[in-house]
Structures are given as C-alpha cells and as structure tokens.
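upload_27.tsv (TSV, C-alpha atoms)
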chain	number	residue	atom	x	y	z
A	434	MET	CA	0.00	0.00	0.00
A	435	ALA	CA	1.36	3.39	-0.96
A	436	ALA	CA	2.29	5.75	1.87
A	437	ASN	CA	-0.34	8.35	0.96
A	438	GLU	CA	-3.09	5.88	0.14
A	439	PRO	CA	-6.00	6.08	2.63
A	440	LYS	CA	-6.49	3.02	4.82
A	441	LEU	CA	-9.73	1.09	4.85
A	442	THR	CA	-11.24	0.73	8.32
A	443	GLY	CA	-12.43	-2.81	7.74
A	444	ALA	CA	-15.49	-1.96	9.81
A	445	ASP	CA	-18.95	-3.13	8.83
A	446	LEU	CA	-20.81	0.10	8.04
A	447	SER	CA	-23.90	-1.52	6.56
A	448	HIS	CA	-26.01	-0.29	9.47
A	449	LEU	CA	-25.34	3.29	8.31
A	450	ARG	CA	-27.12	2.74	5.01
A	451	VAL	CA	-29.49	5.63	4.30
A	452	SER	CA	-33.12	4.85	3.57
A	453	PRO	CA	-34.34	6.34	0.27
A	454	LYS	CA	-37.18	8.07	2.09
A	455	THR	CA	-37.51	8.22	5.85
A	456	LEU	CA	-40.72	8.60	7.79
A	457	VAL	CA	-39.78	12.15	8.82
A	458	GLU	CA	-39.17	13.14	5.18
A	459	GLU	CA	-42.59	11.81	4.28
A	460	VAL	CA	-44.20	13.82	7.10
A	461	ILE	CA	-42.35	16.95	5.92
A	462	GLN	CA	-43.61	16.39	2.37
A	463	LYS	CA	-47.20	15.90	3.56
A	464	LEU	CA	-47.10	19.09	5.63
A	465	ARG	CA	-45.54	21.06	2.78
A	466	MET	CA	-48.30	19.78	0.52
A	467	ALA	CA	-50.93	20.91	3.04
A	468	ILE	CA	-49.33	24.38	3.23
A	469	PHE	CA	-48.86	24.87	-0.52
A	470	SER	CA	-52.34	23.56	-1.34
A	471	GLY	CA	-53.95	25.89	1.20
A	472	LEU	CA	-55.20	23.12	3.47
A	473	LEU	CA	-53.06	24.70	6.18
A	474	LYS	CA	-53.42	28.48	5.97
A	475	PRO	CA	-51.28	31.35	7.32
A	476	GLY	CA	-52.05	31.77	11.01
A	477	ASP	CA	-53.16	28.15	11.53
A	478	ARG	CA	-51.69	26.38	14.55
A	479	LEU	CA	-50.10	22.94	14.14
A	480	ILE	CA	-51.77	21.00	16.94
A	481	GLU	CA	-49.62	17.96	17.62
A	482	SER	CA	-52.35	15.67	18.94
A	483	GLU	CA	-54.53	16.25	15.88
A	484	LEU	CA	-51.68	15.95	13.37
A	485	CYS	CA	-50.36	12.74	14.93
A	486	VAL	CA	-53.78	11.15	14.48
A	487	SER	CA	-54.29	12.56	10.96
A	488	LEU	CA	-50.83	11.51	9.73
A	489	GLY	CA	-50.59	8.32	11.78
A	490	VAL	CA	-47.16	9.17	13.20
A	491	SER	CA	-45.54	9.55	16.60
A	492	ARG	CA	-44.94	12.88	18.33
A	493	PRO	CA	-41.11	12.61	17.99
A	494	ALA	CA	-41.40	12.13	14.20
A	495	LEU	CA	-43.88	15.00	13.92
A	496	ARG	CA	-41.75	17.32	16.06
A	497	GLU	CA	-38.64	16.62	13.97
A	498	ALA	CA	-40.61	17.36	10.79
A	499	ILE	CA	-41.90	20.62	12.28
A	500	ARG	CA	-38.34	21.66	13.19
A	501	CYS	CA	-37.32	21.09	9.55
A	502	LEU	CA	-40.25	23.23	8.37
A	503	GLN	CA	-39.16	25.91	10.84
A	504	ALA	CA	-35.69	25.90	9.24
A	505	GLU	CA	-37.40	26.45	5.87
A	506	ARG	CA	-39.37	29.36	7.38
A	507	LEU	CA	-42.64	27.53	6.67
A	508	CYS	CA	-43.65	27.53	10.32
A	509	ASP	CA	-42.85	29.47	13.50
A	510	ILE	CA	-42.45	27.90	16.93
A	511	THR	CA	-43.43	30.09	19.88
A	512	PRO	CA	-42.97	29.09	23.54
A	513	HIS	CA	-46.25	28.02	25.19
A	514	ARG	CA	-48.10	28.24	21.87
A	515	GLY	CA	-46.33	25.68	19.71
A	516	ALA	CA	-45.99	25.76	15.94
A	517	GLN	CA	-47.96	28.00	13.64
A	518	ILE	CA	-48.02	28.70	9.90
A	519	PRO	CA	-46.54	32.21	9.56
A	520	VAL	CA	-48.28	35.05	7.81
A	521	LEU	CA	-45.97	36.22	5.03
A	522	SER	CA	-46.62	39.94	4.67
A	523	TRP	CA	-46.94	41.54	1.25
A	524	GLN	CA	-43.76	43.52	1.96
A	525	ASP	CA	-41.93	40.24	2.61
A	526	ALA	CA	-43.38	38.85	-0.60
A	527	GLN	CA	-42.27	41.90	-2.61
A	528	ASP	CA	-38.74	41.57	-1.24
A	529	ILE	CA	-38.62	37.92	-2.31
A	530	TYR	CA	-39.91	38.74	-5.80
A	531	HIS	CA	-37.28	41.48	-6.09
A	532	VAL	CA	-34.51	39.00	-5.28
A	533	ARG	CA	-36.00	36.45	-7.69
A	534	GLU	CA	-36.15	39.00	-10.48
A	535	LEU	CA	-32.47	39.86	-10.07
A	536	LEU	CA	-31.11	36.35	-9.60
A	537	GLU	CA	-33.40	34.26	-11.79
A	538	GLY	CA	-32.90	36.65	-14.69
A	539	GLU	CA	-29.14	36.28	-14.40
A	540	ALA	CA	-29.41	32.51	-13.87
A	541	ALA	CA	-31.48	32.15	-17.06
A	542	ALA	CA	-28.88	34.16	-19.02
A	543	LEU	CA	-26.04	32.01	-17.66
A	544	CYS	CA	-28.02	28.86	-18.36
A	545	ALA	CA	-28.43	29.88	-22.01
A	546	VAL	CA	-24.63	30.11	-22.28
A	547	ASN	CA	-23.65	27.03	-20.27
A	548	ILE	CA	-26.37	24.42	-20.71
A	549	SER	CA	-25.59	21.12	-22.40
A	550	GLU	CA	-27.78	19.30	-24.88
A	551	GLU	CA	-28.65	16.86	-22.11
A	552	GLY	CA	-29.68	19.78	-19.92
A	553	ILE	CA	-31.93	21.16	-22.65
A	554	LEU	CA	-33.64	17.77	-22.91
A	555	SER	CA	-34.12	17.69	-19.12
A	556	MET	CA	-35.67	21.18	-19.18
A	557	GLN	CA	-37.97	20.16	-22.00
A	558	ASN	CA	-39.14	17.12	-20.03
A	559	ALA	CA	-39.69	19.26	-16.92
A	560	LEU	CA	-41.71	21.74	-18.97
A	561	LYS	CA	-43.83	18.84	-20.26
A	562	GLN	CA	-44.46	17.79	-16.65
A	563	PHE	CA	-45.62	21.30	-15.80
A	564	SER	CA	-47.82	21.36	-18.91
A	565	ASP	CA	-49.48	18.15	-17.72
A	566	ALA	CA	-49.80	19.59	-14.20
A	567	VAL	CA	-51.61	22.68	-15.50
A	568	ASN	CA	-54.63	20.48	-16.09
A	569	SER	CA	-54.39	19.12	-12.56
A	570	PHE	CA	-56.46	20.55	-9.73
A	571	GLU	CA	-53.61	19.82	-7.31
A	572	ALA	CA	-51.73	23.02	-6.48
A	573	TYR	CA	-48.85	21.03	-5.01
A	574	VAL	CA	-48.31	19.12	-8.28
A	575	ARG	CA	-47.97	22.40	-10.18
A	576	VAL	CA	-45.55	23.80	-7.61
A	577	GLU	CA	-43.42	20.64	-7.72
A	578	ALA	CA	-43.28	20.69	-11.53
A	579	THR	CA	-42.27	24.37	-11.54
A	580	SER	CA	-39.59	23.69	-8.91
A	581	LEU	CA	-38.15	20.91	-11.07
A	582	PHE	CA	-37.94	23.23	-14.10
A	583	TYR	CA	-36.09	25.88	-12.09
A	584	SER	CA	-33.86	23.31	-10.41
A	585	ILE	CA	-32.58	22.22	-13.83
A	586	LEU	CA	-32.18	25.85	-14.90
A	587	LEU	CA	-30.16	26.71	-11.78
A	588	THR	CA	-27.95	23.63	-12.05
A	589	ASN	CA	-27.09	24.45	-15.66
A	590	ALA	CA	-26.44	28.13	-14.89
A	591	LYS	CA	-23.32	26.83	-13.11
A	592	ASN	CA	-23.21	29.60	-10.51
A	593	ARG	CA	-23.27	27.98	-7.08
A	594	VAL	CA	-23.81	31.23	-5.18
A	595	ILE	CA	-26.96	32.14	-7.13
A	596	GLU	CA	-28.20	28.57	-6.74
A	597	GLU	CA	-27.59	28.53	-2.98
A	598	ILE	CA	-29.36	31.86	-2.41
A	599	ILE	CA	-32.43	30.83	-4.39
A	600	LEU	CA	-32.54	27.40	-2.74
A	601	GLY	CA	-32.45	29.16	0.63
A	602	LEU	CA	-35.64	30.96	-0.39
A	603	LEU	CA	-37.20	27.94	-2.10
A	604	ALA	CA	-39.85	27.08	0.47
A	605	ARG	CA	-41.13	30.67	0.59
A	606	ILE	CA	-40.92	30.95	-3.20
A	607	ASN	CA	-43.05	27.83	-3.49
A	608	PHE	CA	-45.52	29.23	-0.97
A	609	LEU	CA	-45.89	32.33	-3.14
A	610	ARG	CA	-46.15	30.19	-6.28
A	611	SER	CA	-49.04	28.31	-4.74
A	612	ARG	CA	-50.76	31.63	-4.02
A	613	SER	CA	-50.26	33.08	-7.48
A	614	MET	CA	-51.31	29.86	-9.22
A	615	SER	CA	-54.49	29.72	-7.16
A	616	LEU	CA	-55.93	32.39	-9.46
A	617	PRO	CA	-57.95	31.22	-12.50
A	618	GLU	CA	-55.84	30.82	-15.65
A	619	ARG	CA	-52.62	31.88	-13.90
A	620	ALA	CA	-51.09	28.41	-14.39
A	621	ARG	CA	-51.72	28.59	-18.15
A	622	HIS	CA	-50.14	32.05	-18.36
A	623	SER	CA	-47.22	30.73	-16.32
A	624	LEU	CA	-46.78	27.87	-18.78
A	625	ARG	CA	-46.48	30.27	-21.71
A	626	GLU	CA	-43.95	32.38	-19.79
A	627	MET	CA	-41.86	29.32	-18.91
A	628	GLU	CA	-42.00	28.18	-22.54
A	629	ALA	CA	-40.53	31.57	-23.53
A	630	ILE	CA	-37.69	31.07	-21.02
A	631	PHE	CA	-37.01	27.58	-22.34
A	632	LEU	CA	-37.00	28.61	-26.01
A	633	ALA	CA	-34.55	31.44	-25.32
A	634	ILE	CA	-32.27	29.05	-23.46
A	635	LYS	CA	-32.60	26.44	-26.21
A	636	ASP	CA	-31.63	29.13	-28.75
A	637	ARG	CA	-28.69	30.01	-26.47
A	638	ASP	CA	-29.77	33.64	-26.36
A	639	PRO	CA	-28.80	34.99	-22.91
A	640	ASP	CA	-30.43	38.41	-23.38
A	641	ALA	CA	-33.76	36.89	-24.39
A	642	ALA	CA	-33.54	34.32	-21.57
A	643	ARG	CA	-32.90	37.05	-18.99
A	644	ALA	CA	-35.79	39.16	-20.28
A	645	ALA	CA	-38.17	36.19	-20.34
A	646	ALA	CA	-37.24	35.15	-16.78
A	647	ILE	CA	-37.69	38.71	-15.45
A	648	ALA	CA	-41.05	39.03	-17.23
A	649	HIS	CA	-42.17	35.73	-15.69
A	650	VAL	CA	-41.31	36.90	-12.16
A	651	ALA	CA	-43.06	40.23	-12.78
A	652	GLN	CA	-46.25	38.46	-13.86
A	653	ALA	CA	-46.03	36.08	-10.88
A	654	ARG	CA	-45.66	39.08	-8.55
A	655	GLU	CA	-48.79	40.69	-9.99
A	656	ALA	CA	-50.76	37.46	-9.64
A	657	ALA	CA	-49.59	37.04	-6.04
A	658	ARG	CA	-50.56	40.65	-5.27
A	659	ASN	CA	-54.07	39.96	-6.55
A	660	ALA	CA	-54.22	36.80	-4.43
A	661	TYR	CA	-53.14	38.80	-1.36
A	662	ILE	CA	-55.83	41.42	-2.09
A	663	LEU	CA	-58.49	38.71	-2.33
A	664	ALA	CA	-57.31	37.29	0.99
A	665	ASN	CA	-57.22	40.79	2.57
A	666	LEU	CA	-53.53	40.39	3.41
A	667	THR	CA	-52.10	43.52	1.77

Render the structure in this file as structure tokens.
Amino acid sequence: MAANEPKLTGADLSHLRVSPKTLVEEVIQKLRMAIFSGLLKPGDRLIESELCVSLGVSRPALREAIRCLQAERLCDITPHRGAQIPVLSWQDAQDIYHVRELLEGEAAALCAVNISEEGILSMQNALKQFSDAVNSFEAYVRVEATSLFYSILLTNAKNRVIEEIILGLLARINFLRSRSMSLPERARHSLREMEAIFLAIKDRDPDAARAAAIAHVAQAREAARNAYILANLT
C-alpha cells in the first residue's frame, strides 16, 4: 500500500445505510403539501395531537418534521403556543420577488450560455411535466413541476452562489407560487412564460432568456398581489 493511500477501516458500516425516504421526510412532504395547497393556511396552529392522528405518526417524528419546516421558514415555533403557519406579509413577498427578479434573470442568461444538450432535454421534459400539471387541480403538483424546471435551470447556470441563495428561499418561493397559481388561468399564463424562457435558453440567447425570466417573475408578482388582495392580506 502506498504511503499516501488512505487506509480502509475494515469496519462493517452496513447499518449506516441511508433509507431512500424516511418517515420524517414523508411527514415533511405531507405538511408542505398541506401548506402549498392551502389546506393549512397562514395563522393556523399545528396542533400535535390532531396531526399525529391525521398523519398516523408519533410525536417525535412529527416534532422533527416541524423543526425542519421551521428551518425552511414555513412555520414558526413560539414558547407556550407551539408551531404556527406564519403570515408572510406583502412587503416580505415583494422583497422575495425582487430577489428572484435579479437572480433568476441572471441565472437564465447564464443557463443559455452554459447548458448542455442533455440539460436542454431535461428542461424540455420538466416543462412537459408542468404542462401536464396545469390540467391538474392539485396546487402542489404544479408547484413541484415548476420547482423541477427551475432546479434544472439553476444547475445548468453553473453559478453555485446564485443557486444557494435561491434554494435558501425555495420554500417561501413555493408558498408564493401556490398563491399566485391559485388564481384562474394563472397556471396557463405561467406555462407560456416558462416556454418563452425555455425557447430562449434552447436558442442560447442569454439576453432573451434574462428578459423572459424577469417578465415571468413580474407576472407572478402581480398574480400574487391579486391573491393577497383577495385574501385581505395587503
């Protein structure tokens, strides 16, 4: 064995094998779905006894899932009151849209320059998934499909800092997406806007990709504002 070659421990590490999907991850996904679909609304309390029965899980599993949602800023935990779905103010929403406009526009431009043919095919497939989801009545399905499209875009932009910042906002971005797409016909408009982004990237036109991404965020902001007005949250 060479002097600098790392030594094998010889230990049996099979017990450390990671499960593809743990119980806690499933609980997190179910709660996210309830938040993004509007089943759990801003201001609602997460009552452990009720959720344990509804989800069929133990309190420790539920509490760990709630802590993960707290890290994503999808719930607040207050002493003596427990967990609650936060009310995202319109000012907070505007700040998030501002950041999205700046970063997603640049990410789309970079993606148009750096994306591979394989990446283009992946984006096309993700766009097809969103197109199929537009006809679905499940808000969560639409949000997931949109997230997949942007995940591929961000990966192919090849700027880790932009990707990390947007991923840090992802849960709140998805919350706002679910609000904006709750309006009639918004999902169909969103599809056309995302198609424009994809075509510009496919044509490897960074200026057109940036403009299309910024226009998409601007339209999403307007739709979210209307949703906030309808909910008397502005």

* Asked: Near Leu554 of chain A, counting only C-alpha atoms, which residues have an atom at most 12 Å away, once you skip same-chain residues fewer than 4 positions from it, shown as number ranges by chain?
  -> A: 548-550, 558-561, 582, 585-586, 589, 631-632, 634-635

Mind dumping the selected residues with C-alpha atoms as a JSON list (two decimals), in the coordinates of the input?
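To be explicit, this is the file written out as out31.json:
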[["chain", "number", "residue", "atom", "x", "y", "z"],
["A", 548, "ILE", "CA", -26.37, 24.42, -20.71],
["A", 549, "SER", "CA", -25.59, 21.12, -22.40],
["A", 550, "GLU", "CA", -27.78, 19.30, -24.88],
["A", 558, "ASN", "CA", -39.14, 17.12, -20.03],
["A", 559, "ALA", "CA", -39.69, 19.26, -16.92],
["A", 560, "LEU", "CA", -41.71, 21.74, -18.97],
["A", 561, "LYS", "CA", -43.83, 18.84, -20.26],
["A", 582, "PHE", "CA", -37.94, 23.23, -14.10],
["A", 585, "ILE", "CA", -32.58, 22.22, -13.83],
["A", 586, "LEU", "CA", -32.18, 25.85, -14.90],
["A", 589, "ASN", "CA", -27.09, 24.45, -15.66],
["A", 631, "PHE", "CA", -37.01, 27.58, -22.34],
["A", 632, "LEU", "CA", -37.00, 28.61, -26.01],
["A", 634, "ILE", "CA", -32.27, 29.05, -23.46],
["A", 635, "LYS", "CA", -32.60, 26.44, -26.21]]

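Atom CA of Ala504 of chain A to atom CA of Val567 of chain A spans 29.6 Å [interatomic distance, one decimal].
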
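Candidate residues A:Cys544, A:Ala498, A:Ala642, A:Ile468 were compared for distance to Leu609 of chain A, and the nearest is A:Ile468, using all atoms listed in the file.
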
* Point out the residue among A:Val532, A:Ala604, A:Ile499, A:Ala545 with the least atom-to-atom distance to Val576 of chain A, counting only C-alpha atoms. => A:Ala604

* Asked: Contacts of Pro519 of chain A at 6 Å or less, counting only C-alpha atoms, minus same-chain residues fewer than 2 places along, as a PyMOL selection string?
  -> chain A and resi 475-476+508

* Val546 of chain A surroundings by all atoms listed in the file, 9 Å radius, close-in-sequence under 4 positions cut, as a ChimeraX atom specification -> /A:541-542,590,634,637-639

With C-alpha atoms kept, could you save the residues just selected as an mmCIF file, in the frame of the given file?
data_model
loop_
_atom_site.group_PDB
_atom_site.id
_atom_site.type_symbol
_atom_site.label_atom_id
_atom_site.label_comp_id
_atom_site.auth_asym_id
_atom_site.auth_seq_id
_atom_site.Cartn_x
_atom_site.Cartn_y
_atom_site.Cartn_z
ATOM 1 C CA ALA A 541 -31.480 32.150 -17.060
ATOM 2 C CA ALA A 542 -28.880 34.160 -19.020
ATOM 3 C CA ALA A 590 -26.440 28.130 -14.890
ATOM 4 C CA ILE A 634 -32.270 29.050 -23.460
ATOM 5 C CA ARG A 637 -28.690 30.010 -26.470
ATOM 6 C CA ASP A 638 -29.770 33.640 -26.360
ATOM 7 C CA PRO A 639 -28.800 34.990 -22.910
#

Which polymer residues, whether protein, DNA or RNA, lie within 10 Å of the coordinate (-44.3, 26.2, 6.8) when you count all atoms listed in the file? List them as a PDB file with C-alpha atoms, keeping the file's coordinate frame, using the chain letters and numbers from the file.
ATOM      1  CA  ILE A 461     -42.350  16.950   5.920  1.00  0.00           C
ATOM      2  CA  LEU A 464     -47.100  19.090   5.630  1.00  0.00           C
ATOM      3  CA  ARG A 465     -45.540  21.060   2.780  1.00  0.00           C
ATOM      4  CA  MET A 466     -48.300  19.780   0.520  1.00  0.00           C
ATOM      5  CA  ALA A 467     -50.930  20.910   3.040  1.00  0.00           C
ATOM      6  CA  ILE A 468     -49.330  24.380   3.230  1.00  0.00           C
ATOM      7  CA  PHE A 469     -48.860  24.870  -0.520  1.00  0.00           C
ATOM      8  CA  LEU A 473     -53.060  24.700   6.180  1.00  0.00           C
ATOM      9  CA  LYS A 474     -53.420  28.480   5.970  1.00  0.00           C
ATOM     10  CA  PRO A 475     -51.280  31.350   7.320  1.00  0.00           C
ATOM     11  CA  LEU A 479     -50.100  22.940  14.140  1.00  0.00           C
ATOM     12  CA  ILE A 499     -41.900  20.620  12.280  1.00  0.00           C
ATOM     13  CA  ARG A 500     -38.340  21.660  13.190  1.00  0.00           C
ATOM     14  CA  CYS A 501     -37.320  21.090   9.550  1.00  0.00           C
ATOM     15  CA  LEU A 502     -40.250  23.230   8.370  1.00  0.00           C
ATOM     16  CA  GLN A 503     -39.160  25.910  10.840  1.00  0.00           C
ATOM     17  CA  ALA A 504     -35.690  25.900   9.240  1.00  0.00           C
ATOM     18  CA  GLU A 505     -37.400  26.450   5.870  1.00  0.00           C
ATOM     19  CA  ARG A 506     -39.370  29.360   7.380  1.00  0.00           C
ATOM     20  CA  LEU A 507     -42.640  27.530   6.670  1.00  0.00           C
ATOM     21  CA  CYS A 508     -43.650  27.530  10.320  1.00  0.00           C
ATOM     22  CA  ASP A 509     -42.850  29.470  13.500  1.00  0.00           C
ATOM     23  CA  ALA A 516     -45.990  25.760  15.940  1.00  0.00           C
ATOM     24  CA  GLN A 517     -47.960  28.000  13.640  1.00  0.00           C
ATOM     25  CA  ILE A 518     -48.020  28.700   9.900  1.00  0.00           C
ATOM     26  CA  PRO A 519     -46.540  32.210   9.560  1.00  0.00           C
ATOM     27  CA  VAL A 520     -48.280  35.050   7.810  1.00  0.00           C
ATOM     28  CA  ALA A 604     -39.850  27.080   0.470  1.00  0.00           C
ATOM     29  CA  ARG A 605     -41.130  30.670   0.590  1.00  0.00           C
ATOM     30  CA  PHE A 608     -45.520  29.230  -0.970  1.00  0.00           C
TER      31      PHE A 608
END

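The neighbours of Ser584 of chain A here are the residues that come within 12 Å of it, using all atoms listed in the file and leaving out any residue fewer than 5 positions away in the same chain; they are Glu537, Ala540, Ala541, Cys544, Gly552, Ser555, Met556, Ala559, Leu560, Glu577, Ala578, Thr579, Asn589, Ala590, Lys591, Ile595, Glu596, Glu597, Ile599, Leu600 and Leu603 of chain A.
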
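Closest approach to Arg621 of chain A among A:Glu551, A:Asp565, A:Asp640, A:Glu458: A:Asp565, based on all atoms listed in the file.
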
* Structure fact -> In terms of only C-alpha atoms, the residue from A:Leu536, A:Ala572, A:Leu456, A:Leu616 at minimal distance from Gly471 of chain A is A:Ala572

If the box runs along x, y and z of the file and leaves 4 Å on each side of segment 628-640 of chain A, what are its centre and edge lengths in Å, one decimal, as JSON?
{"center_x": -35.3, "center_y": 32.4, "center_z": -24.9, "size_x": 21.3, "size_y": 20.0, "size_z": 15.7}

* Structure fact -> re atom CA of Gly489 of chain A and atom CA of Val457 of chain A: distance 11.8 Å

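Rounded to one decimal, atom CA of Pro617 of chain A and atom CA of Leu587 of chain A lie 28.2 Å from each other.
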
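Of the listed residues (A:Leu521, A:Ile529, A:Met627, A:Leu535), A:Ile529 comes nearest to Arg654 of chain A; the distances count only C-alpha atoms.
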
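Each of A:Ala653, A:Leu484, A:Ile662, A:Ile647 was checked against Ser522 of chain A using all atoms listed in the file; the smallest atom-to-atom distance is that of A:Ile662.
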
Would you kindly place N, CA and C atoms on segment 504-532 of chain A and return the model as a PDB file, in the frame of the given file?
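Written output follows (part.pdb):
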ATOM      1  N   ALA A 504     -36.938  25.509   9.899  1.00  0.00           N
ATOM      2  CA  ALA A 504     -35.690  25.900   9.240  1.00  0.00           C
ATOM      3  C   ALA A 504     -35.956  26.446   7.843  1.00  0.00           C
ATOM      4  N   GLU A 505     -37.022  25.968   7.201  1.00  0.00           N
ATOM      5  CA  GLU A 505     -37.400  26.450   5.870  1.00  0.00           C
ATOM      6  C   GLU A 505     -38.245  27.707   5.931  1.00  0.00           C
ATOM      7  N   ARG A 506     -38.534  28.168   7.145  1.00  0.00           N
ATOM      8  CA  ARG A 506     -39.370  29.360   7.380  1.00  0.00           C
ATOM      9  C   ARG A 506     -40.831  29.120   6.971  1.00  0.00           C
ATOM     10  N   LEU A 507     -41.249  27.851   6.985  1.00  0.00           N
ATOM     11  CA  LEU A 507     -42.640  27.530   6.670  1.00  0.00           C
ATOM     12  C   LEU A 507     -43.496  27.424   7.917  1.00  0.00           C
ATOM     13  N   CYS A 508     -42.877  27.458   9.085  1.00  0.00           N
ATOM     14  CA  CYS A 508     -43.650  27.530  10.320  1.00  0.00           C
ATOM     15  C   CYS A 508     -42.803  28.231  11.380  1.00  0.00           C
ATOM     16  N   ASP A 509     -43.499  28.821  12.347  1.00  0.00           N
ATOM     17  CA  ASP A 509     -42.850  29.470  13.500  1.00  0.00           C
ATOM     18  C   ASP A 509     -43.167  28.650  14.736  1.00  0.00           C
ATOM     19  N   ILE A 510     -42.228  28.598  15.656  1.00  0.00           N
ATOM     20  CA  ILE A 510     -42.450  27.900  16.930  1.00  0.00           C
ATOM     21  C   ILE A 510     -42.309  28.929  18.042  1.00  0.00           C
ATOM     22  N   THR A 511     -43.385  29.102  18.796  1.00  0.00           N
ATOM     23  CA  THR A 511     -43.430  30.090  19.880  1.00  0.00           C
ATOM     24  C   THR A 511     -43.600  29.356  21.208  1.00  0.00           C
ATOM     25  N   PRO A 512     -42.809  29.725  22.226  1.00  0.00           N
ATOM     26  CA  PRO A 512     -42.970  29.090  23.540  1.00  0.00           C
ATOM     27  C   PRO A 512     -44.399  29.203  24.057  1.00  0.00           C
ATOM     28  N   HIS A 513     -44.916  28.106  24.579  1.00  0.00           N
ATOM     29  CA  HIS A 513     -46.250  28.020  25.190  1.00  0.00           C
ATOM     30  C   HIS A 513     -47.395  28.059  24.160  1.00  0.00           C
ATOM     31  N   ARG A 514     -47.051  28.243  22.895  1.00  0.00           N
ATOM     32  CA  ARG A 514     -48.100  28.240  21.870  1.00  0.00           C
ATOM     33  C   ARG A 514     -47.866  27.166  20.803  1.00  0.00           C
ATOM     34  N   GLY A 515     -46.625  26.714  20.682  1.00  0.00           N
ATOM     35  CA  GLY A 515     -46.330  25.680  19.710  1.00  0.00           C
ATOM     36  C   GLY A 515     -46.077  26.231  18.323  1.00  0.00           C
ATOM     37  N   ALA A 516     -46.288  25.393  17.326  1.00  0.00           N
ATOM     38  CA  ALA A 516     -45.990  25.760  15.940  1.00  0.00           C
ATOM     39  C   ALA A 516     -47.194  26.380  15.256  1.00  0.00           C
ATOM     40  N   GLN A 517     -46.902  27.284  14.351  1.00  0.00           N
ATOM     41  CA  GLN A 517     -47.960  28.000  13.640  1.00  0.00           C
ATOM     42  C   GLN A 517     -47.461  28.339  12.241  1.00  0.00           C
ATOM     43  N   ILE A 518     -48.370  28.295  11.257  1.00  0.00           N
ATOM     44  CA  ILE A 518     -48.020  28.700   9.900  1.00  0.00           C
ATOM     45  C   ILE A 518     -47.882  30.221   9.891  1.00  0.00           C
ATOM     46  N   PRO A 519     -46.731  30.754   9.497  1.00  0.00           N
ATOM     47  CA  PRO A 519     -46.540  32.210   9.560  1.00  0.00           C
ATOM     48  C   PRO A 519     -47.351  32.943   8.499  1.00  0.00           C
ATOM     49  N   VAL A 520     -47.618  34.187   8.779  1.00  0.00           N
ATOM     50  CA  VAL A 520     -48.280  35.050   7.810  1.00  0.00           C
ATOM     51  C   VAL A 520     -47.191  35.837   7.093  1.00  0.00           C
ATOM     52  N   LEU A 521     -46.980  35.528   5.825  1.00  0.00           N
ATOM     53  CA  LEU A 521     -45.970  36.220   5.030  1.00  0.00           C
ATOM     54  C   LEU A 521     -46.580  37.534   4.546  1.00  0.00           C
ATOM     55  N   SER A 522     -46.048  38.646   5.032  1.00  0.00           N
ATOM     56  CA  SER A 522     -46.620  39.940   4.670  1.00  0.00           C
ATOM     57  C   SER A 522     -46.363  40.245   3.200  1.00  0.00           C
ATOM     58  N   TRP A 523     -47.143  41.167   2.649  1.00  0.00           N
ATOM     59  CA  TRP A 523     -46.940  41.540   1.250  1.00  0.00           C
ATOM     60  C   TRP A 523     -45.586  42.197   1.059  1.00  0.00           C
ATOM     61  N   GLN A 524     -45.100  42.925   2.071  1.00  0.00           N
ATOM     62  CA  GLN A 524     -43.760  43.520   1.960  1.00  0.00           C
ATOM     63  C   GLN A 524     -42.706  42.432   1.864  1.00  0.00           C
ATOM     64  N   ASP A 525     -42.847  41.381   2.695  1.00  0.00           N
ATOM     65  CA  ASP A 525     -41.930  40.240   2.610  1.00  0.00           C
ATOM     66  C   ASP A 525     -41.983  39.620   1.219  1.00  0.00           C
ATOM     67  N   ALA A 526     -43.201  39.457   0.716  1.00  0.00           N
ATOM     68  CA  ALA A 526     -43.380  38.850  -0.600  1.00  0.00           C
ATOM     69  C   ALA A 526     -42.708  39.696  -1.686  1.00  0.00           C
ATOM     70  N   GLN A 527     -42.890  41.009  -1.622  1.00  0.00           N
ATOM     71  CA  GLN A 527     -42.270  41.900  -2.610  1.00  0.00           C
ATOM     72  C   GLN A 527     -40.744  41.795  -2.573  1.00  0.00           C
ATOM     73  N   ASP A 528     -40.191  41.692  -1.367  1.00  0.00           N
ATOM     74  CA  ASP A 528     -38.740  41.570  -1.240  1.00  0.00           C
ATOM     75  C   ASP A 528     -38.251  40.279  -1.905  1.00  0.00           C
ATOM     76  N   ILE A 529     -39.006  39.195  -1.708  1.00  0.00           N
ATOM     77  CA  ILE A 529     -38.620  37.920  -2.310  1.00  0.00           C
ATOM     78  C   ILE A 529     -38.719  37.993  -3.827  1.00  0.00           C
ATOM     79  N   TYR A 530     -39.778  38.597  -4.343  1.00  0.00           N
ATOM     80  CA  TYR A 530     -39.910  38.740  -5.800  1.00  0.00           C
ATOM     81  C   TYR A 530     -38.789  39.600  -6.368  1.00  0.00           C
ATOM     82  N   HIS A 531     -38.376  40.627  -5.627  1.00  0.00           N
ATOM     83  CA  HIS A 531     -37.280  41.480  -6.090  1.00  0.00           C
ATOM     84  C   HIS A 531     -35.997  40.666  -6.241  1.00  0.00           C
ATOM     85  N   VAL A 532     -35.700  39.847  -5.230  1.00  0.00           N
ATOM     86  CA  VAL A 532     -34.510  39.000  -5.280  1.00  0.00           C
ATOM     87  C   VAL A 532     -34.622  37.993  -6.432  1.00  0.00           C
TER      88      VAL A 532
END
